[in-house]
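Chemist: What follows is input14.cif, mmCIF, C-alpha atoms.
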data_protein
#
loop_
_atom_site.label_atom_id
_atom_site.label_comp_id
_atom_site.auth_asym_id
_atom_site.auth_seq_id
_atom_site.Cartn_x
_atom_site.Cartn_y
_atom_site.Cartn_z
CA MET A 1 22.46 73.83 -7.19
CA THR A 2 21.71 73.09 -3.58
CA LEU A 3 24.39 73.28 -1.00
CA CYS A 4 23.76 70.13 0.94
CA LEU A 5 26.23 68.57 3.33
CA MET A 6 25.46 65.43 5.28
CA ILE A 7 27.72 65.20 8.29
CA GLY A 8 28.56 62.11 10.31
CA LEU A 9 25.66 59.89 9.32
CA HIS A 10 25.83 56.41 10.87
CA SER A 11 22.83 54.16 10.69
CA THR A 12 21.54 50.74 11.63
CA ALA A 13 17.97 49.47 11.28
CA GLN A 14 16.46 51.96 13.76
CA GLU A 15 19.52 53.69 15.20
CA HIS A 16 20.81 56.89 13.67
CA LYS A 17 23.34 58.99 15.47
CA ALA A 18 22.63 62.67 15.11
CA ALA A 19 23.28 64.05 11.67
CA THR A 20 22.94 67.54 10.27
CA ALA A 21 22.00 68.58 6.75
CA LYS A 22 22.62 72.18 5.69
CA THR A 23 21.33 74.32 2.86
CA THR A 24 21.80 78.04 2.32
CA PHE A 25 18.67 78.99 4.20
CA HIS A 26 18.09 76.03 6.52
CA ARG A 27 19.77 73.55 8.79
CA GLU A 28 18.19 70.28 9.84
CA THR A 29 19.45 67.96 12.58
CA SER A 30 17.93 64.55 13.17
CA VAL A 31 18.47 61.60 15.49
CA SER A 32 16.69 58.25 15.86
CA THR A 33 16.83 55.46 18.38
CA SER A 34 14.99 52.25 19.13
CA ILE A 35 13.35 52.14 22.56
CA LYS A 36 11.92 49.01 24.16
CA ALA A 37 9.03 50.56 26.07
CA ASP A 38 5.34 51.23 25.73
CA PRO A 39 4.77 54.34 23.54
CA ALA A 40 2.61 55.75 26.37
CA ILE A 41 5.67 55.88 28.66
CA ILE A 42 7.79 57.64 26.03
CA TRP A 43 4.94 60.04 25.30
CA ALA A 44 4.51 60.80 29.00
CA LEU A 45 8.22 61.61 29.30
CA LEU A 46 8.07 63.87 26.24
CA THR A 47 4.99 65.78 27.38
CA ASN A 48 5.66 66.33 31.10
CA ALA A 49 7.45 69.69 31.02
CA SER A 50 8.30 69.99 34.69
CA ASP A 51 9.92 66.53 34.76
CA TYR A 52 12.40 67.04 31.87
CA ALA A 53 15.29 68.35 33.92
CA ARG A 54 15.19 65.21 36.10
CA TRP A 55 15.95 62.74 33.30
CA ASN A 56 17.21 64.79 30.36
CA SER A 57 20.82 66.00 30.61
CA THR A 58 20.35 68.52 27.78
CA ILE A 59 17.56 70.51 29.43
CA THR A 60 18.18 72.50 32.58
CA SER A 61 14.60 73.69 33.11
CA MET A 62 11.25 73.66 31.38
CA ASP A 63 8.00 75.39 32.37
CA GLY A 64 4.60 75.46 30.76
CA GLU A 65 2.20 72.93 29.35
CA ILE A 66 3.02 70.55 26.55
CA ALA A 67 -0.51 70.24 25.22
CA PRO A 68 -2.31 71.33 22.04
CA GLY A 69 -1.61 75.06 21.60
CA GLY A 70 0.37 75.12 24.84
CA ARG A 71 3.34 77.39 25.47
CA ILE A 72 6.61 76.35 27.06
CA ARG A 73 9.78 78.04 28.16
CA LEU A 74 12.95 76.00 28.26
CA ARG A 75 16.60 76.42 29.01
CA SER A 76 19.05 74.00 27.50
CA THR A 77 22.72 73.23 27.87
CA LEU A 78 23.20 74.42 24.27
CA ASP A 79 22.85 78.02 25.42
CA ALA A 80 22.58 78.22 29.20
CA LYS A 81 22.03 82.00 29.22
CA ARG A 82 19.05 81.96 26.90
CA SER A 83 15.44 81.05 27.63
CA PHE A 84 13.53 79.72 24.61
CA LYS A 85 9.84 80.60 24.42
CA LEU A 86 8.11 78.02 22.27
CA LYS A 87 4.63 77.04 21.18
CA VAL A 88 3.31 73.51 20.80
CA LYS A 89 2.41 73.23 17.10
CA GLU A 90 1.45 69.56 16.75
CA PHE A 91 0.15 67.15 19.37
CA GLN A 92 -0.93 63.69 18.27
CA PRO A 93 -0.87 61.51 21.42
CA ALA A 94 1.76 58.75 21.46
CA SER A 95 2.60 59.54 17.84
CA ARG A 96 3.80 63.02 16.95
CA LEU A 97 4.73 66.21 18.79
CA ALA A 98 6.19 69.46 17.51
CA TRP A 99 7.14 72.72 19.17
CA GLY A 100 8.88 75.78 17.84
CA ASP A 101 9.06 79.51 17.26
CA GLY A 102 9.47 81.75 14.21
CA LYS A 103 12.93 80.44 13.48
CA GLY A 104 12.71 76.74 14.05
CA LEU A 105 10.58 73.68 14.54
CA ARG A 106 11.44 70.58 16.58
CA THR A 107 9.45 67.47 15.73
CA PHE A 108 9.26 64.21 17.70
CA THR A 109 7.78 61.05 16.18
CA LEU A 110 7.10 57.64 17.69
CA ILE A 111 6.62 54.59 15.47
CA PRO A 112 5.67 51.39 17.33
CA HIS A 113 6.70 47.97 16.03
CA ASP A 114 5.30 44.47 16.53
CA ASN A 115 8.37 43.40 18.52
CA GLY A 116 7.55 45.84 21.33
CA THR A 117 10.06 48.49 20.32
CA VAL A 118 9.38 52.06 19.29
CA THR A 119 11.44 54.09 16.85
CA PHE A 120 11.89 57.55 18.31
CA THR A 121 12.97 60.28 15.91
CA MET A 122 13.70 63.90 16.78
CA THR A 123 14.29 66.48 14.08
CA GLU A 124 14.90 70.20 14.31
CA ARG A 125 14.73 72.43 11.30
CA ILE A 126 15.90 76.01 11.72
CA GLY A 127 16.30 78.77 9.17
CA GLY A 128 14.62 81.37 7.00
CA LEU A 129 15.68 84.18 4.71
CA MET A 130 17.93 85.72 7.36
CA PHE A 131 19.53 82.39 8.28
CA PRO A 132 22.83 82.98 6.40
CA MET A 133 23.45 86.05 8.60
CA TYR A 134 23.29 84.22 11.93
CA ALA A 135 24.01 80.60 10.97
CA LYS A 136 27.59 80.72 12.17
CA TYR A 137 26.49 81.75 15.66
CA ILE A 138 24.31 78.69 16.19
CA PRO A 139 26.21 75.80 17.75
CA SER A 140 26.02 72.25 16.44
CA PHE A 141 23.08 70.29 17.86
CA ASP A 142 24.54 66.86 17.14
CA ALA A 143 26.00 66.01 20.55
CA SER A 144 22.96 67.41 22.33
CA PHE A 145 20.60 65.37 20.11
CA ASP A 146 22.55 62.18 20.77
CA ALA A 147 22.39 62.85 24.51
CA PHE A 148 18.63 63.61 24.36
CA ALA A 149 17.89 60.34 22.54
CA ALA A 150 20.15 58.31 24.84
CA ASP A 151 18.58 59.84 27.97
CA LEU A 152 15.06 59.19 26.70
CA LYS A 153 15.89 55.58 25.84
CA LYS A 154 17.54 54.98 29.23
CA GLU A 155 14.68 56.52 31.24
CA ALA A 156 11.82 54.93 29.26
CA GLU A 157 13.41 51.47 29.39
CA ALA A 158 14.15 51.84 33.10
CA ILE A 159 10.47 52.58 33.75
CA ALA A 160 9.25 49.79 31.45
CA ASN A 161 11.63 47.21 32.92
CA HIS A 162 11.21 48.15 36.55
CA ALA A 163 9.98 45.03 38.29
CA GLN A 164 6.75 46.07 39.98
CA PRO A 165 4.35 43.47 41.33
CA MET B 1 -19.25 36.78 40.01
CA ALA B 2 -22.24 38.35 41.73
CA LEU B 3 -21.70 40.21 44.98
CA SER B 4 -24.35 39.95 47.66
CA GLU B 5 -25.33 42.89 49.82
CA HIS B 6 -24.07 40.98 52.83
CA ASP B 7 -20.65 40.39 51.23
CA LEU B 8 -20.42 44.03 50.15
CA THR B 9 -21.19 45.22 53.67
CA ALA B 10 -18.61 42.88 55.17
CA GLU B 11 -15.91 43.90 52.67
CA PHE B 12 -16.73 47.57 53.08
CA GLU B 13 -16.29 47.29 56.85
CA ARG B 14 -12.91 45.58 56.32
CA THR B 15 -11.81 48.25 53.81
CA ARG B 16 -13.34 51.35 55.38
CA GLY B 17 -10.35 52.29 57.56
CA ALA B 18 -7.82 52.09 54.72
CA LEU B 19 -10.21 53.83 52.34
CA ARG B 20 -10.84 56.72 54.72
CA SER B 21 -7.15 57.18 55.50
CA TYR B 22 -6.29 57.08 51.77
CA ILE B 23 -8.86 59.75 50.97
CA LEU B 24 -7.62 61.89 53.86
CA ARG B 25 -4.04 61.57 52.66
CA ILE B 26 -4.87 62.61 49.09
CA THR B 27 -7.33 65.38 49.96
CA ALA B 28 -5.77 66.56 53.26
CA ASN B 29 -9.38 67.23 54.25
CA ARG B 30 -10.95 65.36 57.17
CA GLN B 31 -14.51 66.25 56.20
CA ASP B 32 -13.94 65.22 52.57
CA ALA B 33 -12.50 61.91 53.76
CA GLU B 34 -15.63 61.20 55.80
CA ASP B 35 -18.00 62.38 53.04
CA ILE B 36 -16.26 60.54 50.20
CA THR B 37 -16.09 57.33 52.24
CA GLN B 38 -19.83 57.59 52.85
CA GLU B 39 -20.53 58.44 49.22
CA THR B 40 -18.43 55.45 48.15
CA TRP B 41 -20.63 53.14 50.19
CA MET B 42 -23.80 54.59 48.68
CA ARG B 43 -22.50 54.36 45.11
CA ALA B 44 -21.22 50.82 45.63
CA HIS B 45 -24.56 49.79 47.08
CA ARG B 46 -26.44 51.38 44.17
CA SER B 47 -24.24 49.70 41.55
CA LEU B 48 -23.96 46.32 43.24
CA ALA B 49 -25.39 44.62 40.14
CA ASN B 50 -22.60 46.13 38.02
CA PHE B 51 -19.84 44.39 39.98
CA LYS B 52 -18.57 41.63 37.69
CA GLY B 53 -15.82 40.24 39.87
CA GLU B 54 -13.13 41.33 37.41
CA SER B 55 -11.25 42.92 40.30
CA SER B 56 -11.33 42.44 44.06
CA VAL B 57 -14.10 44.23 45.98
CA LYS B 58 -11.43 46.31 47.72
CA THR B 59 -10.00 47.48 44.37
CA TRP B 60 -13.52 48.26 43.14
CA LEU B 61 -14.29 50.33 46.26
CA PHE B 62 -11.02 52.28 45.93
CA ALA B 63 -11.84 52.93 42.26
CA ILE B 64 -15.24 54.35 43.19
CA ALA B 65 -13.73 56.50 45.95
CA GLN B 66 -10.95 57.74 43.76
CA ASN B 67 -13.35 58.74 41.00
CA ILE B 68 -15.20 60.92 43.47
CA ALA B 69 -12.03 62.38 44.97
CA ARG B 70 -10.23 62.96 41.67
CA ASP B 71 -12.95 65.21 40.26
CA HIS B 72 -12.71 67.29 43.42
CA LEU B 73 -8.89 67.36 43.45
CA ARG B 74 -8.57 68.37 39.79
CA ALA B 75 -10.23 71.67 40.65
CA LEU B 76 -7.60 72.46 43.29
CA LYS B 77 -4.10 73.82 42.87
CA ARG B 78 -1.21 71.52 43.72
CA TRP B 79 0.82 72.52 46.77
CA PRO B 80 4.47 73.59 46.61
CA GLU B 81 7.12 71.22 47.99
CA ASN B 82 8.07 73.79 50.65
CA VAL B 83 4.52 73.69 52.03
CA GLY B 84 6.01 73.07 55.49
CA ASP B 85 7.95 76.34 55.44
CA ILE B 86 4.92 78.31 54.25
CA CYS B 87 2.61 76.83 56.86
CA LYS B 88 5.17 77.20 59.64
CA GLU B 89 5.38 80.91 58.89
CA ALA B 90 1.59 81.15 58.87
CA ALA B 91 1.38 79.28 62.19
CA MET B 92 3.99 81.52 63.81
CA SER B 93 1.92 84.59 62.98
CA ASP B 94 -1.38 83.03 64.05
CA PRO B 95 -1.81 83.00 67.87
CA ASP B 96 -4.85 80.73 67.55
CA PHE B 97 -2.83 77.90 66.01
CA PHE B 98 -0.69 77.06 69.06
CA ARG B 99 -3.49 77.89 71.49
CA GLU B 100 -5.79 75.38 69.78
CA ALA B 101 -3.02 72.82 69.37
CA MET B 102 -2.05 73.04 73.06
CA THR B 103 -5.68 72.67 74.12
CA ILE B 104 -6.01 69.54 71.99
CA HIS B 105 -2.67 68.27 73.29
CA LYS B 106 -3.77 68.66 76.90
CA THR B 107 -7.35 67.44 76.62
CA SER B 108 -7.53 64.76 73.91
CA PRO B 109 -6.49 61.14 74.48
CA GLN B 110 -5.29 61.14 70.84
CA ALA B 111 -2.94 64.09 70.92
CA ARG B 112 0.51 62.89 71.87
CA PHE B 113 3.17 64.47 69.73
CA GLU B 114 5.50 61.90 68.18
CA ILE B 115 8.12 62.55 65.53
CA ARG B 116 7.09 59.53 63.45
CA GLU B 117 3.51 60.85 63.38
CA HIS B 118 4.84 64.12 62.05
CA ILE B 119 6.85 62.22 59.40
CA ALA B 120 3.58 60.75 58.11
CA PHE B 121 1.84 64.14 58.28
CA CYS B 122 4.76 65.73 56.43
CA PHE B 123 4.64 63.15 53.61
CA THR B 124 0.91 63.73 53.22
CA CYS B 125 1.51 67.45 52.73
CA VAL B 126 4.62 67.25 50.54
CA SER B 127 3.10 64.60 48.26
CA ARG B 128 0.49 67.20 47.30
CA SER B 129 3.31 68.86 45.31
CA LEU B 130 3.38 65.94 42.87
CA PRO B 131 1.19 65.99 39.79
CA LEU B 132 -2.14 64.46 40.88
CA GLU B 133 -1.80 61.11 39.09
CA GLN B 134 1.71 60.61 40.48
CA GLN B 135 0.51 61.29 44.01
CA LEU B 136 -2.45 58.91 43.71
CA ALA B 137 -0.42 56.08 42.15
CA LEU B 138 2.39 56.49 44.68
CA MET B 139 0.03 56.35 47.67
CA LEU B 140 -1.81 53.32 46.29
CA LYS B 141 1.43 51.42 45.67
CA GLU B 142 3.77 52.46 48.45
CA VAL B 143 1.31 52.90 51.32
CA TYR B 144 -1.78 50.83 50.48
CA GLU B 145 0.21 48.10 48.69
CA PHE B 146 -1.91 47.66 45.57
CA THR B 147 -0.24 45.99 42.58
CA VAL B 148 0.44 47.88 39.36
CA LYS B 149 -2.42 45.98 37.71
CA GLU B 150 -4.83 46.94 40.50
CA ILE B 151 -3.72 50.58 40.39
CA ALA B 152 -4.34 50.60 36.63
CA GLU B 153 -7.89 49.39 37.36
CA ILE B 154 -8.44 51.98 40.09
CA MET B 155 -7.05 54.81 37.95
CA GLN B 156 -8.67 53.53 34.75
CA ASN B 157 -5.44 53.73 32.83
CA THR B 158 -2.75 51.42 31.46
CA GLU B 159 -0.14 49.60 33.51
CA ALA B 160 2.50 51.45 31.45
CA MET B 161 1.21 54.81 32.64
CA VAL B 162 1.02 53.58 36.23
CA LYS B 163 4.69 52.54 36.00
CA TYR B 164 5.51 56.00 34.66
CA TRP B 165 3.65 57.75 37.49
CA LEU B 166 5.23 55.51 40.13
CA HIS B 167 8.74 55.97 38.78
CA THR B 168 8.54 59.73 38.40
CA GLY B 169 6.59 60.30 41.61
CA ARG B 170 8.96 58.22 43.67
CA SER B 171 12.07 59.80 42.10
CA ARG B 172 10.71 63.25 42.86
CA MET B 173 9.82 62.47 46.46
CA VAL B 174 13.19 60.80 47.12
CA ASP B 175 14.88 63.93 45.83
CA VAL B 176 12.65 66.36 47.74
CA PHE B 177 13.14 64.61 51.08
CA ASP B 178 16.87 64.20 50.51
CA ARG B 179 17.16 67.95 50.00
CA ARG B 180 14.74 69.03 52.69
CA CYS B 181 14.53 66.55 55.56
CA ALA B 182 17.16 67.08 58.27
CA LEU B 183 16.30 63.68 59.74
CA ILE B 184 17.96 61.94 56.78
CA ASN B 185 20.34 64.64 55.57
CA LYS B 186 22.23 66.85 57.99
CA GLU B 187 22.19 69.59 55.35
CA GLY B 188 18.38 69.35 55.08
CA ALA B 189 16.51 72.63 55.40
CA CYS B 190 13.57 71.40 57.49
CA HIS B 191 13.76 70.54 61.21
CA GLN B 192 10.06 71.06 61.87
CA CYS B 193 9.37 67.66 63.45
CA THR B 194 12.14 68.03 66.07
CA GLU B 195 11.22 71.68 66.68
CA LEU B 196 7.60 70.74 67.36
CA ASN B 197 8.75 67.89 69.58
CA GLY B 198 10.55 70.51 71.67
CA ILE B 199 7.32 72.49 72.01
CA PHE B 200 4.95 69.62 72.82
CA ASN B 201 7.42 67.44 74.73
CA PRO B 202 9.79 69.95 76.36
CA LYS B 203 11.29 67.35 78.71
CA GLN B 204 12.31 65.04 75.87
CA ASN B 205 15.56 65.11 73.94
CA ALA B 206 14.41 65.34 70.33
CA GLN B 207 17.51 63.62 68.97
CA GLU B 208 17.02 60.68 71.32
CA GLU B 209 13.41 60.43 70.20
CA ALA B 210 14.35 60.67 66.52
CA VAL B 211 16.85 57.80 66.64
CA LYS B 212 14.08 55.48 67.84
CA ILE B 213 12.88 55.62 64.23
CA GLN B 214 14.66 53.20 61.89
CA MET B 215 14.73 55.74 59.04
CA VAL B 216 16.80 58.07 61.24
CA ARG B 217 19.10 55.27 62.43
CA ASP B 218 19.71 54.19 58.82
CA ALA B 219 20.25 57.74 57.53
CA ALA B 220 24.02 57.41 57.81
CA LYS B 221 23.95 54.66 55.18
CA GLN B 222 22.81 57.34 52.71
CA ASP B 223 20.83 54.93 50.54
CA LYS B 224 18.07 57.32 49.47
CA GLU B 225 15.80 54.62 48.07
CA HIS B 226 16.05 52.60 51.28
CA LEU B 227 15.28 55.70 53.37
CA PHE B 228 12.22 56.38 51.24
CA ASP B 229 11.05 52.79 51.80
CA LEU B 230 11.45 53.30 55.55
CA ARG B 231 9.43 56.53 55.32
CA MET B 232 6.69 54.48 53.67
CA VAL B 233 6.87 51.94 56.52
CA VAL B 234 6.03 54.79 58.91
CA MET B 235 3.07 55.72 56.69
CA LYS B 236 1.79 52.13 56.65
CA GLU B 237 2.06 51.75 60.41
CA LEU B 238 -0.10 54.78 61.19
CA ASP B 239 -3.80 55.34 60.64
CA PRO B 240 -4.28 59.13 60.63
CA PHE B 241 -7.72 58.77 62.24
CA THR B 242 -6.93 56.29 65.01
CA SER B 243 -3.25 56.80 65.89
CA PRO B 244 -2.24 58.11 69.33
CA ALA B 245 -1.55 61.54 67.79
CA ALA B 246 -4.52 61.66 65.42
CA GLU B 247 -6.35 64.69 66.83
CA LEU B 248 -3.21 66.81 66.97
CA GLN B 249 -2.06 65.85 63.48
CA LEU B 250 -5.54 66.33 62.02
CA HIS B 251 -5.53 69.82 63.50
CA HIS B 252 -2.15 70.55 61.85
CA LEU B 253 -3.39 69.11 58.55
CA GLU B 254 -6.53 71.22 58.55
CA PHE B 255 -4.44 74.29 59.31
CA ASP B 256 -2.09 73.54 56.39
CA ARG B 257 -5.00 72.88 54.05
CA GLN B 258 -6.61 76.17 54.95
CA VAL B 259 -3.33 78.02 54.42
CA MET B 260 -2.81 76.40 51.01
CA GLU B 261 -6.38 76.40 49.77
CA GLY B 262 -7.83 79.40 51.53
CA ARG B 263 -9.71 79.65 54.75
CA PRO B 264 -13.51 79.40 54.69
CA GLU B 265 -15.18 82.79 54.88
CA GLN B 266 -16.39 83.83 58.31
CA VAL B 267 -20.19 83.81 58.51
#
I'd like the structure from this file rewritten - as structure tokens, please.

Modeler:
Amino acid sequence: MTLCLMIGLHSTAQEHKAATAKTTFHRETSVSTSIKADPAIIWALLTNASDYARWNSTITSMDGEIAPGGRIRLRSTLDAKRSFKLKVKEFQPASRLAWGDGKGLRTFTLIPHDNGTVTFTMTERIGGLMFPMYAKYIPSFDASFDAFAADLKKEAEAIANHAQP
Amino acid sequence: MALSEHDLTAEFERTRGALRSYILRITANRQDAEDITQETWMRAHRSLANFKGESSVKTWLFAIAQNIARDHLRALKRWPENVGDICKEAAMSDPDFFREAMTIHKTSPQARFEIREHIAFCFTCVSRSLPLEQQLALMLKEVYEFTVKEIAEIMQNTEAMVKYWLHTGRSRMVDVFDRRCALINKEGACHQCTELNGIFNPKQNAQEEAVKIQMVRDAAKQDKEHLFDLRMVVMKELDPFTSPAAELQLHHLEFDRQVMEGRPEQV
């Protein structure tokens, strides 16, 4: 029997507030939002490490290069005292990005639609055999994921809609 | 649309000043600006038959120049946003810097020190702290007044990416100057332009000189975007090669470039 709890799942066509699914050895949090902007703009925001802290309220600093095989170091509001050292594991331009370490993997996907919108989805899966021992010390990601998606949507749409001759 | 050699020559002469100042402002290197401008002419002349009239001749010339400059700039490190502090310290410990600057100031007809000239010089240096594409797009839009579509042609990228570079580059520069520039923020860390005015124009009151600049007069309104636009007005009004302070500012720029990129080895 799997221990699976779905918490707070609300969905519309392309909008999903953050939701977390738990099993004994893993936890997975996911959020989706619809963004009316060119995928290139969203991709540029997601892959410019030094610019994150300017537009993303969940990240206080990020160094490194978000490129194939690149390494980054980030500090987030989830744990202000800790610096996360991560490696870029997938890099498919304007489509799919993933970074992580031995304990977790965060994946970003962009799916463009004919109406000019893009469905952005961010998922983080953490866990492993030792997960039950430290699971209770890891805070919920839900609020942070909602804020990340909202910030990305706001910034990308502001850039796309900015009236520039 | 075919372009005749005569038309190319005429358009190049009309564009040459803006082209040379743009290259200077992105490379911070007087010799590179002269060389790249010359190389642009030669390449344009060689590829005259390739001009299809899909963009203006001016946009085409800037695209050629930028291609040459970008390859060169990609090999160089970006400068830090506190480049002014670093170079000030280097100048203070280098007796040759002020000796040379004073000689230029006393002997050249293009070596008046003016605060607005230093504002333009300062933006040229600080903009080198932006990622390269952001710096190039920002200069093309805010100073040389190309449209987003034209910048996309010059930079051989999409209009979406140009909008991204413009938005992020501008946001970053607004923030940097708000934090650093004492002309627009009393808490700003950098007073270099008024300090230098005291050295080169000891009989002037620097504050009285500063308030002659609209950006300084409007600083109390605290609209950061508006102040950035006024900074760009100063940039547009000045040609770094022909302005009344050109020789002095070019000397400062070459000094800063050598500090940031290494001095040439003595032969």

Chemist: Between CA of Gly69 (chain A) and CA of Phe131 (chain A), what distance in Å does the model show, to one decimal?

Modeler: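 Atom-to-atom, CA of Gly69 (chain A) and CA of Phe131 (chain A) are spaced 26.0 Å apart.
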
Chemist: Using 9 Å as the limit and counting all atoms listed in the file, can you tabulate each residue of chain A that touches chain B, with its shortest atom-to-atom distance in Å and the two atoms involved, as a tab-separated table?

Modeler:
residue	atom	partner	partner_atom	distance
A:Ala37	CA	B:Ala160	CA	8.5
A:Asp38	CA	B:Ala160	CA	6.4
A:Pro39	CA	B:Ala160	CA	8.7
A:Ala40	CA	B:Met161	CA	6.5
A:Ile41	CA	B:Tyr164	CA	6.0
A:Ala44	CA	B:Tyr164	CA	7.5
A:Leu45	CA	B:Tyr164	CA	8.2
A:Asp51	CA	B:Thr168	CA	7.8
A:Arg54	CA	B:Arg172	CA	8.3
A:Ala156	CA	B:Tyr164	CA	8.4
A:Ala158	CA	B:His167	CA	8.9
A:Ile159	CA	B:Tyr164	CA	6.1
A:Ala160	CA	B:Ala160	CA	7.0
A:His162	CA	B:Lys163	CA	7.9
A:Gln164	CA	B:Val148	CA	6.6
A:Pro165	CA	B:Thr147	CA	5.4

Chemist: Could you pull the residues within 8 Å of Lys89 (chain A), counting only C-alpha atoms, minus those fewer than 5 positions along the same chain, as a ChimeraX atom specification?

Modeler: /A:68-69,97-100

Chemist: How about saving the chosen residues, C-alpha atoms kept, as a compact mmCIF listing (two decimals), in the coordinates of the input?

Modeler:
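Result written to result_1.txt:
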# COMPACT_ATOMS: atom_id res chain seq x y z
CA PRO A 68 -2.31 71.33 22.04
CA GLY A 69 -1.61 75.06 21.60
CA LEU A 97 4.73 66.21 18.79
CA ALA A 98 6.19 69.46 17.51
CA TRP A 99 7.14 72.72 19.17
CA GLY A 100 8.88 75.78 17.84

Chemist: Please compute the CA of His26 (chain A)-CA of Lys153 (chain A) distance, one decimal, in Å.

Modeler: 28.2 Å

Chemist: Please report the interatomic distance between CA of Asp101 (chain A) and CA of Ala53 (chain A) in Å with one decimal.

Modeler: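 We find that CA of Asp101 (chain A) and CA of Ala53 (chain A) lie 21.0 Å from each other.
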
Chemist: Written as a list in words, which residues does the PyMOL selection byres ((chain B and resi 2) around 8) give for the file shown?

Modeler: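 Evaluating the PyMOL selection byres ((chain B and resi 2) around 8) on this file yields Met1, Leu3, Ser4, Ala49, Phe51, Lys52 and Gly53 of chain B.
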
Chemist: Assuming the chain letters and numbering stay as they are in my file, what does the PyMOL selection byres ((chain B and resi 37) around 10) actually select? List them as a count of residues only.

Modeler: 27

Chemist: Under the PyMOL selection byres ((chain B and resi 203-220) around 9), which residues of this model are included? Write them out as a list of chain:residue names.

Modeler: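 Going through the file, the PyMOL selection byres ((chain B and resi 203-220) around 9) ends up selecting B:Glu114, B:Ile115, B:Arg116, B:Leu183, B:Ile184, B:Asn185, B:Cys193, B:Thr194, B:Glu195, B:Asn197, B:Gly198, B:Phe200, B:Asn201, B:Pro202, B:Lys221, B:Gln222, B:Asp223, B:Lys224, B:His226, B:Leu227, B:Phe228, B:Asp229, B:Leu230, B:Arg231, B:Val234.
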
Chemist: List the neighbours of Asp256 (chain B) out to 7 Å using all atoms listed in the file; skip same-chain residues closer than 4 positions along the sequence, and give me the result as an MDAnalysis selection string.

Modeler: chainID B and resid 87 252 260

Chemist: Using only C-alpha atoms, pick whichever of B:Trp60, B:Phe97, B:Trp79, B:Phe241 has the shortest atom-to-atom distance to Leu132 (chain B).

Modeler: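 Ranking B:Trp60, B:Phe97, B:Trp79, B:Phe241 by distance to Leu132 (chain B), first place goes to B:Trp79.
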
Chemist: Please provide as a PyMOL selection string all residues within 12 Å of Ile86 (chain B), with the sequence filter that same-chain residues fewer than 6 positions apart are discarded (counting all atoms listed in the file).

Modeler: chain B and resi 79-80+92-93+125-126+190+192+255-260

Chemist: Taking all atoms listed in the file into account, which of A:Ile66, A:Ala94, A:Leu86, A:Ile59 comes nearest Thr119 (chain A)?

Modeler: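 Answer, going by the shortest atom-to-atom distance: A:Ala94.
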
Chemist: Residues within 7 Å of Thr33 (chain A), please, as a PDB file with C-alpha atoms, in the coordinates of the input. Count all atoms listed in the file; anything in the same chain fewer than 4 positions from it doesn't count.

Modeler:
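Wrote it out as selection35.pdb, contents follow:
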ATOM      1  CA  GLN A  14      16.460  51.960  13.760  1.00  0.00           C
ATOM      2  CA  GLU A  15      19.520  53.690  15.200  1.00  0.00           C
ATOM      3  CA  HIS A  16      20.810  56.890  13.670  1.00  0.00           C
ATOM      4  CA  THR A 119      11.440  54.090  16.850  1.00  0.00           C
ATOM      5  CA  PHE A 120      11.890  57.550  18.310  1.00  0.00           C
ATOM      6  CA  THR A 121      12.970  60.280  15.910  1.00  0.00           C
ATOM      7  CA  ALA A 149      17.890  60.340  22.540  1.00  0.00           C
TER       8      ALA A 149
END

Chemist: Could you give me, as a ChimeraX atom specification, the residues within 10 Å of Ala67 (chain A), counting only C-alpha atoms and dropping anything in the same chain fewer than 6 positions from it?

Modeler: /A:47-49,87-93,97

Chemist: Find, counting all atoms listed in the file, the residue in B:Asp239, B:Asp94, B:Glu225, B:Glu247 that gets nearest to Arg112 (chain B).

Modeler: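 Comparing B:Asp239, B:Asp94, B:Glu225, B:Glu247 against Arg112 (chain B), the winner is B:Glu247.
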